[in-house]
$ cat my_file.txt   # compact mmCIF, C-alpha atoms (C1' of nucleotides)
# COMPACT_ATOMS: atom_id res chain seq x y z
CA MET A 1 130.94 55.71 108.51
CA LYS A 2 129.85 58.67 106.43
CA ASN A 3 127.52 61.11 108.14
CA ASP A 4 126.33 64.57 107.21
CA ASN A 5 129.07 66.25 109.15
CA ASN A 6 131.72 64.79 106.93
CA TYR A 7 130.49 66.89 104.06
CA PHE A 8 130.75 70.07 105.99
CA CYS A 9 133.98 69.28 107.71
CA GLU A 10 132.48 70.33 111.03
CA SER A 11 133.97 67.51 113.00
CA SER A 12 137.42 68.56 111.91
CA ALA A 13 137.34 72.16 110.75
CA ILE A 14 140.98 72.80 111.13
CA HIS A 15 140.82 76.48 111.90
CA ALA A 16 137.50 77.30 113.50
CA ASP A 17 138.81 80.72 114.49
CA VAL A 18 139.64 81.64 110.89
CA VAL A 19 136.31 80.37 109.63
CA ASP A 20 134.40 82.33 112.27
CA ARG A 21 136.34 85.50 111.65
CA VAL A 22 135.78 85.38 107.91
CA ARG A 23 132.15 84.41 108.30
CA GLN A 24 131.44 87.49 110.37
CA THR A 25 132.65 89.88 107.72
CA MET A 26 130.99 88.04 104.79
CA PRO A 27 128.87 90.37 102.60
CA GLU A 28 125.23 89.45 102.19
CA SER A 29 124.32 86.56 99.97
CA SER A 30 122.45 88.87 97.60
CA ASP A 31 125.59 90.98 97.10
CA PHE A 32 127.50 87.94 95.87
CA HIS A 33 124.58 87.03 93.67
CA ASN A 34 124.46 90.46 92.09
CA LEU A 35 128.20 90.59 91.65
CA ALA A 36 128.29 87.15 90.01
CA ASN A 37 125.57 88.27 87.60
CA LEU A 38 127.48 91.43 86.77
CA TYR A 39 130.67 89.54 85.96
CA LYS A 40 128.68 86.96 84.01
CA MET A 41 127.93 89.70 81.51
CA PHE A 42 131.67 90.16 80.98
CA SER A 43 132.41 86.44 80.80
CA ASP A 44 131.27 85.86 77.23
CA ASN A 45 133.30 86.76 74.18
CA THR A 46 130.40 88.20 72.23
CA ARG A 47 129.07 90.36 75.06
CA LEU A 48 132.57 91.52 75.86
CA ARG A 49 133.15 92.68 72.29
CA ILE A 50 129.75 94.36 72.17
CA LEU A 51 130.52 96.26 75.37
CA TRP A 52 133.92 97.20 74.09
CA ALA A 53 132.49 98.46 70.81
CA LEU A 54 129.87 100.51 72.64
CA SER A 55 132.58 101.96 74.84
CA CYS A 56 133.95 103.49 71.61
CA GLU A 57 130.77 104.70 69.97
CA GLU A 58 127.03 104.38 69.98
CA MET A 59 126.05 101.64 67.53
CA CYS A 60 122.92 100.03 66.13
CA VAL A 61 122.24 96.28 66.05
CA CYS A 62 123.13 96.05 62.40
CA ASP A 63 126.47 97.82 62.94
CA LEU A 64 127.35 95.42 65.73
CA ALA A 65 126.37 92.42 63.60
CA ALA A 66 128.61 93.66 60.79
CA LEU A 67 131.50 94.43 63.14
CA LEU A 68 131.41 91.01 64.82
CA SER A 69 130.35 89.01 61.72
CA MET A 70 127.36 87.61 63.52
CA SER A 71 123.63 87.41 62.90
CA GLY A 72 121.45 90.28 64.02
CA SER A 73 119.45 87.78 66.02
CA ALA A 74 122.44 86.62 68.05
CA ILE A 75 123.42 90.23 68.73
CA SER A 76 119.88 91.14 69.67
CA HIS A 77 119.67 88.28 72.17
CA GLN A 78 122.89 89.39 73.84
CA LEU A 79 121.77 93.01 73.88
CA LYS A 80 118.68 91.88 75.72
CA SER A 81 120.83 90.36 78.49
CA LEU A 82 122.92 93.51 78.65
CA ARG A 83 119.78 95.63 78.86
CA LEU A 84 118.36 93.50 81.68
CA SER A 85 121.67 93.92 83.53
CA LYS A 86 121.41 97.67 82.98
CA LEU A 87 124.81 97.80 81.31
CA VAL A 88 123.53 99.34 78.09
CA LYS A 89 120.81 101.78 77.21
CA PHE A 90 119.09 102.28 73.87
CA ASP A 91 117.44 104.93 71.81
CA LYS A 92 115.05 104.08 68.99
CA ARG A 93 115.19 106.51 66.09
CA GLY A 94 112.95 105.46 63.24
CA LYS A 95 113.36 101.77 62.65
CA VAL A 96 116.92 101.78 63.95
CA VAL A 97 117.77 101.15 67.62
CA TYR A 98 120.99 102.77 68.83
CA TYR A 99 122.74 101.21 71.80
CA SER A 100 125.29 102.78 74.13
CA LEU A 101 126.82 102.12 77.53
CA ALA A 102 124.54 102.84 80.47
CA ASP A 103 127.31 104.47 82.50
CA ASN A 104 131.05 104.76 82.95
CA HIS A 105 131.43 101.90 85.42
CA VAL A 106 131.67 99.54 82.49
CA ARG A 107 134.72 101.34 81.19
CA VAL A 108 136.39 101.16 84.61
CA ILE A 109 135.69 97.43 84.89
CA PHE A 110 137.20 96.96 81.43
CA GLU A 111 140.35 98.85 82.27
CA ASN A 112 140.98 96.79 85.41
CA GLY A 113 140.37 93.58 83.54
CA PHE A 114 142.79 94.43 80.76
CA LEU A 115 145.37 95.48 83.33
CA HIS A 116 145.22 92.03 84.88
CA VAL A 117 145.23 90.17 81.58
CA ILE A 118 148.19 92.07 80.18
CA GLU A 119 150.09 91.79 83.47
CA MET B 1 115.41 86.15 48.99
CA LYS B 2 117.77 85.33 51.83
CA ASN B 3 121.46 85.29 50.96
CA ASP B 4 124.60 85.15 53.09
CA ASN B 5 124.92 88.88 53.19
CA ASN B 6 121.67 89.22 55.04
CA TYR B 7 123.20 87.59 58.08
CA PHE B 8 126.08 89.97 58.22
CA CYS B 9 124.14 93.03 57.34
CA GLU B 10 126.74 93.94 54.76
CA SER B 11 124.32 95.06 52.14
CA SER B 12 122.84 97.57 54.50
CA ALA B 13 125.33 98.30 57.27
CA ILE B 14 123.86 101.55 58.29
CA HIS B 15 127.02 103.24 59.46
CA ALA B 16 130.01 101.80 57.62
CA ASP B 17 132.18 104.63 58.93
CA VAL B 18 131.41 103.81 62.54
CA VAL B 19 131.99 100.10 61.99
CA ASP B 20 135.32 100.73 60.29
CA ARG B 21 136.50 103.12 62.96
CA VAL B 22 135.66 100.75 65.78
CA ARG B 23 137.11 97.78 63.93
CA GLN B 24 140.48 99.48 63.60
CA THR B 25 140.88 99.98 67.32
CA MET B 26 139.59 96.51 68.30
CA PRO B 27 141.98 94.69 70.67
CA GLU B 28 143.24 91.29 69.52
CA SER B 29 140.90 88.36 69.62
CA SER B 30 143.09 86.62 72.20
CA ASP B 31 142.77 89.59 74.55
CA PHE B 32 138.99 89.27 74.56
CA HIS B 33 139.34 85.54 75.06
CA ASN B 34 141.62 85.98 78.06
CA LEU B 35 139.47 88.71 79.53
CA ALA B 36 136.30 86.62 79.17
CA ASN B 37 138.04 83.74 80.94
CA LEU B 38 139.16 86.01 83.74
CA TYR B 39 135.65 87.32 84.34
CA LYS B 40 134.23 83.81 84.08
CA MET B 41 136.09 83.04 87.31
CA PHE B 42 134.17 85.85 88.99
CA SER B 43 130.83 84.90 87.49
CA ASP B 44 130.02 82.00 89.78
CA ASN B 45 128.69 82.40 93.30
CA THR B 46 130.90 79.71 94.83
CA ARG B 47 134.12 80.93 93.23
CA LEU B 48 133.26 84.50 94.13
CA ARG B 49 132.81 83.59 97.80
CA ILE B 50 136.02 81.55 97.79
CA LEU B 51 137.94 84.49 96.35
CA TRP B 52 136.37 86.85 98.82
CA ALA B 53 137.24 84.58 101.75
CA LEU B 54 140.82 84.26 100.55
CA SER B 55 141.04 88.03 100.23
CA CYS B 56 140.53 88.06 104.02
CA GLU B 57 142.80 85.23 105.10
CA GLU B 58 144.69 82.21 103.88
CA MET B 59 142.42 79.17 104.21
CA CYS B 60 142.55 75.43 103.66
CA VAL B 61 140.04 73.41 101.65
CA CYS B 62 138.32 72.16 104.78
CA ASP B 63 137.93 75.70 106.16
CA LEU B 64 136.37 76.86 102.92
CA ALA B 65 134.01 73.88 102.86
CA ALA B 66 132.89 74.68 106.42
CA LEU B 67 132.53 78.39 105.67
CA LEU B 68 130.41 77.84 102.58
CA SER B 69 128.59 74.70 103.79
CA MET B 70 129.71 72.74 100.77
CA SER B 71 131.50 69.48 100.14
CA GLY B 72 135.29 69.45 100.06
CA SER B 73 135.05 67.95 96.61
CA ALA B 74 133.03 70.84 95.22
CA ILE B 75 135.45 73.33 96.76
CA SER B 76 138.43 71.41 95.45
CA HIS B 77 137.05 71.39 91.91
CA GLN B 78 136.55 75.15 92.01
CA LEU B 79 139.99 75.72 93.48
CA LYS B 80 141.39 73.81 90.54
CA SER B 81 139.79 76.28 88.12
CA LEU B 82 141.08 79.19 90.15
CA ARG B 83 144.56 77.68 90.18
CA LEU B 84 144.52 77.18 86.41
CA SER B 85 143.48 80.83 86.03
CA LYS B 86 146.36 81.81 88.29
CA LEU B 87 144.07 83.65 90.67
CA VAL B 88 145.08 81.64 93.73
CA LYS B 89 148.25 80.04 94.93
CA PHE B 90 148.67 77.22 97.43
CA ASP B 91 151.09 75.91 99.99
CA LYS B 92 150.97 72.33 101.18
CA ARG B 93 151.96 71.89 104.84
CA GLY B 94 151.62 68.31 105.97
CA LYS B 95 148.36 66.95 104.69
CA VAL B 96 146.71 70.36 104.65
CA VAL B 97 146.78 72.63 101.58
CA TYR B 98 146.56 76.33 102.32
CA TYR B 99 145.19 78.59 99.59
CA SER B 100 145.61 82.33 99.20
CA LEU B 101 145.18 84.98 96.51
CA ALA B 102 147.86 84.97 93.84
CA ASP B 103 148.11 88.77 93.78
CA ASN B 104 146.32 91.98 94.61
CA HIS B 105 144.62 92.41 91.24
CA VAL B 106 141.82 90.22 92.52
CA ARG B 107 141.11 92.62 95.35
CA VAL B 108 140.98 95.55 92.93
CA ILE B 109 138.58 93.74 90.64
CA PHE B 110 136.37 92.97 93.64
CA GLU B 111 136.29 96.57 94.79
CA ASN B 112 135.23 97.83 91.36
CA GLY B 113 132.56 95.18 91.11
CA PHE B 114 131.05 95.99 94.48
CA LEU B 115 131.10 99.68 93.62
CA HIS B 116 128.98 99.01 90.57
CA VAL B 117 126.61 96.63 92.36
CA ILE B 118 126.01 98.97 95.29
CA GLU B 119 125.68 101.96 92.93
C1' DA C 1 98.35 99.17 50.63
C1' DA C 2 102.23 96.21 49.83
C1' DA C 3 107.09 95.32 50.08
C1' DA C 4 111.30 95.99 52.35
C1' DT C 5 114.09 96.80 56.40
C1' DA C 6 115.64 96.76 61.43
C1' DT C 7 114.97 94.61 65.43
C1' DA C 8 112.93 91.35 68.86
C1' DT C 9 111.69 86.95 70.57
C1' DG C 10 110.37 81.97 71.47
C1' DA C 11 111.67 77.21 70.58
C1' DA C 12 115.08 73.95 69.69
C1' DC C 13 119.62 72.15 69.92
C1' DG C 14 124.32 71.36 71.13
C1' DT C 15 127.78 72.52 74.42
C1' DA C 16 129.61 74.10 78.77
C1' DT C 17 129.32 74.18 83.65
C1' DG C 18 128.91 72.88 88.63
C1' DC C 19 127.77 69.54 91.65
C1' DT C 20 127.75 64.65 93.50
C1' DC C 21 129.60 60.23 94.03
C1' DA C 22 133.16 56.91 93.97
C1' DT C 23 137.69 56.50 94.27
C1' DA C 24 142.72 57.68 94.32
C1' DT C 25 146.74 59.76 96.60
C1' DA C 26 149.41 61.66 100.25
C1' DT C 27 150.29 62.39 104.91
C1' DT C 28 149.67 61.66 109.79
C1' DA C 29 148.13 58.92 113.80
C1' DA C 30 147.57 54.57 116.25
C1' DT D 1 151.53 48.45 109.19
C1' DT D 2 146.88 49.79 109.43
C1' DA D 3 143.46 53.30 110.02
C1' DA D 4 142.15 57.91 109.62
C1' DT D 5 142.31 62.45 107.52
C1' DA D 6 142.83 66.15 103.83
C1' DT D 7 142.70 66.85 99.28
C1' DA D 8 142.32 65.73 94.28
C1' DT D 9 140.08 63.94 90.34
C1' DG D 10 137.27 61.40 86.71
C1' DA D 11 132.60 60.09 85.40
C1' DG D 12 127.91 61.05 85.39
C1' DC D 13 124.00 64.01 85.61
C1' DA D 14 121.08 68.00 85.62
C1' DT D 15 120.98 72.68 84.51
C1' DA D 16 122.45 76.94 82.24
C1' DC D 17 123.93 79.19 78.17
C1' DG D 18 124.64 80.87 73.30
C1' DT D 19 123.45 80.32 68.72
C1' DT D 20 120.28 79.32 64.89
C1' DC D 21 115.89 79.29 62.80
C1' DA D 22 111.25 80.71 62.16
C1' DT D 23 108.43 84.19 62.94
C1' DA D 24 106.51 88.60 64.89
C1' DT D 25 106.44 93.66 65.24
C1' DA D 26 107.41 98.31 63.97
C1' DT D 27 108.81 101.60 60.72
C1' DT D 28 109.91 103.28 56.25
C1' DT D 29 109.73 103.04 51.22
C1' DT D 30 107.44 102.31 46.91

$ encode --input "my_file.txt" --output "structure tokens"
Amino acid sequence: MKNDNNYFCESSAIHADVVDRVRQTMPESSDFHNLANLYKMFSDNTRLRILWALSCEEMCVCDLAALLSMSGSAISHQLKSLRLSKLVKFDKRGKVVYYSLADNHVRVIFENGFLHVIE
Amino acid sequence: MKNDNNYFCESSAIHADVVDRVRQTMPESSDFHNLANLYKMFSDNTRLRILWALSCEEMCVCDLAALLSMSGSAISHQLKSLRLSKLVKFDKRGKVVYYSLADNHVRVIFENGFLHVIE
DNA sequence: AAAATATATGAACGTATGCTCATATATTAA
DNA sequence: TTAATATATGAGCATACGTTCATATATTTT
């Protein structure tokens, strides 16, 4: 017989003490949500290269499109995500919009990531 | 008239010097690929909570299912991804499989992430 | 004012992703 | 040996995501 409890393993949770202990120190749900969204920005090749480029120098949309051999539209869409996540800031000068990193956290996150990847 | 060059902004790349400079220091394509895949593991709420739980204590599939109120199947599928990414290791004792973090890099990545999220 | 340029954005489309469900395998218990 | 338990896995499905395309807006150039 398959009842609801089966799915949640309650009738047989092998280490209730472990589960309880971990549960009590769990960060808030919203923290995980925010963290997942932050890492999502780093989980796409295009966004990753954009962030890396901006960690070198301020660049406009057209520069980024040329650097990555992609359409300005694709770059612009990704920049919108990065803006919404507050990872980049921009400065419009004439008809050109210059993007740069919002703060240095991004650089730190990069460094740690590369450390792990290179091993 | 719309030609191929339009899409790559070559005819008008506003700052060819900047683009060239950044291009020359670009990491290899495979590095970005690996890094994106690493962060992808951290970009999902379920995986993030699994990793966090395992950063506290070694846990079996059933424990994790109970902790996160999810099916063992869902947990098992995610653990497979984490295994393939070499972020977790496991130890089968009897019919129970105990999972734990593969190394301490995961903890470091977590700490940096939370720092940014909390601000 | 009209044309050209840089960027932004909504819709559409194909692909990737995460979960469920059914089922398989391995181990222990009866 | 048979039943029960813990985990793994493939197929299917609904949703999310990233790019293209068409088009809009803002600014500069002619």

$ residues_around --input "my_file.txt" --residues "Ser76 (chain A)" --least-positions-apart "2" --cutoff "10 Å" --atoms "all atoms listed in the file" --output "compact mmCIF listing (two decimals) with C-alpha atoms (C1' of nucleotides), in the coordinates of the input"
# COMPACT_ATOMS: atom_id res chain seq x y z
CA VAL A 61 122.24 96.28 66.05
CA CYS A 62 123.13 96.05 62.40
CA LEU A 64 127.35 95.42 65.73
CA ALA A 65 126.37 92.42 63.60
CA SER A 71 123.63 87.41 62.90
CA GLY A 72 121.45 90.28 64.02
CA SER A 73 119.45 87.78 66.02
CA ALA A 74 122.44 86.62 68.05
CA GLN A 78 122.89 89.39 73.84
CA LEU A 79 121.77 93.01 73.88
CA LYS A 80 118.68 91.88 75.72
CA SER A 81 120.83 90.36 78.49
CA LEU A 82 122.92 93.51 78.65
C1' DT C 7 114.97 94.61 65.43
C1' DA C 8 112.93 91.35 68.86
C1' DT C 9 111.69 86.95 70.57

$ residues_near_point --input "my_file.txt" --point "(141.8, 65.1, 88.3)" --cutoff "10 Å" --atoms "only C-alpha atoms (C1' of nucleotides)" --output "number ranges by chain"
B: 77, 80; C: 24; D: 8-10

$ write_last_selection --input "my_file.txt" --atoms "C-alpha atoms (C1' of nucleotides)" --output "mmCIF file, in the coordinates of the input"
data_model
loop_
_atom_site.group_PDB
_atom_site.id
_atom_site.type_symbol
_atom_site.label_atom_id
_atom_site.label_comp_id
_atom_site.auth_asym_id
_atom_site.auth_seq_id
_atom_site.Cartn_x
_atom_site.Cartn_y
_atom_site.Cartn_z
ATOM 1 C CA HIS B 77 137.050 71.390 91.910
ATOM 2 C CA LYS B 80 141.390 73.810 90.540
ATOM 3 C "C1'" DA C 24 142.720 57.680 94.320
ATOM 4 C "C1'" DA D 8 142.320 65.730 94.280
ATOM 5 C "C1'" DT D 9 140.080 63.940 90.340
ATOM 6 C "C1'" DG D 10 137.270 61.400 86.710
#

$ residues_around --input "my_file.txt" --residues "region 15-27 of chain B" --least-positions-apart "5" --cutoff "10 Å" --atoms "all atoms listed in the file" --output "list in words"
Arg49, Trp52, Ala53, Leu54, Ser55, Cys56, Glu57, Glu58, Met59, Cys60, Cys62, Asp63, Leu64, Ala65, Ala66, Leu67 and Leu68 of chain A; Glu10 and Phe32 of chain B

$ interface_residues --input "my_file.txt" --of "chain B" --to "chain C" --cutoff "12 Å" --atoms "only C-alpha atoms (C1' of nucleotides)" --output "ChimeraX atom specification"
/B:1,6,9,11-14,40-41,43-47,70-78,81,92-97

$ residues_around --input "my_file.txt" --residues "Phe42 (chain B)" --least-positions-apart "4" --cutoff "7 Å" --atoms "only C-alpha atoms (C1' of nucleotides)" --output "list in words"
Ala36 and Tyr39 of chain A; Arg47 and Leu48 of chain B
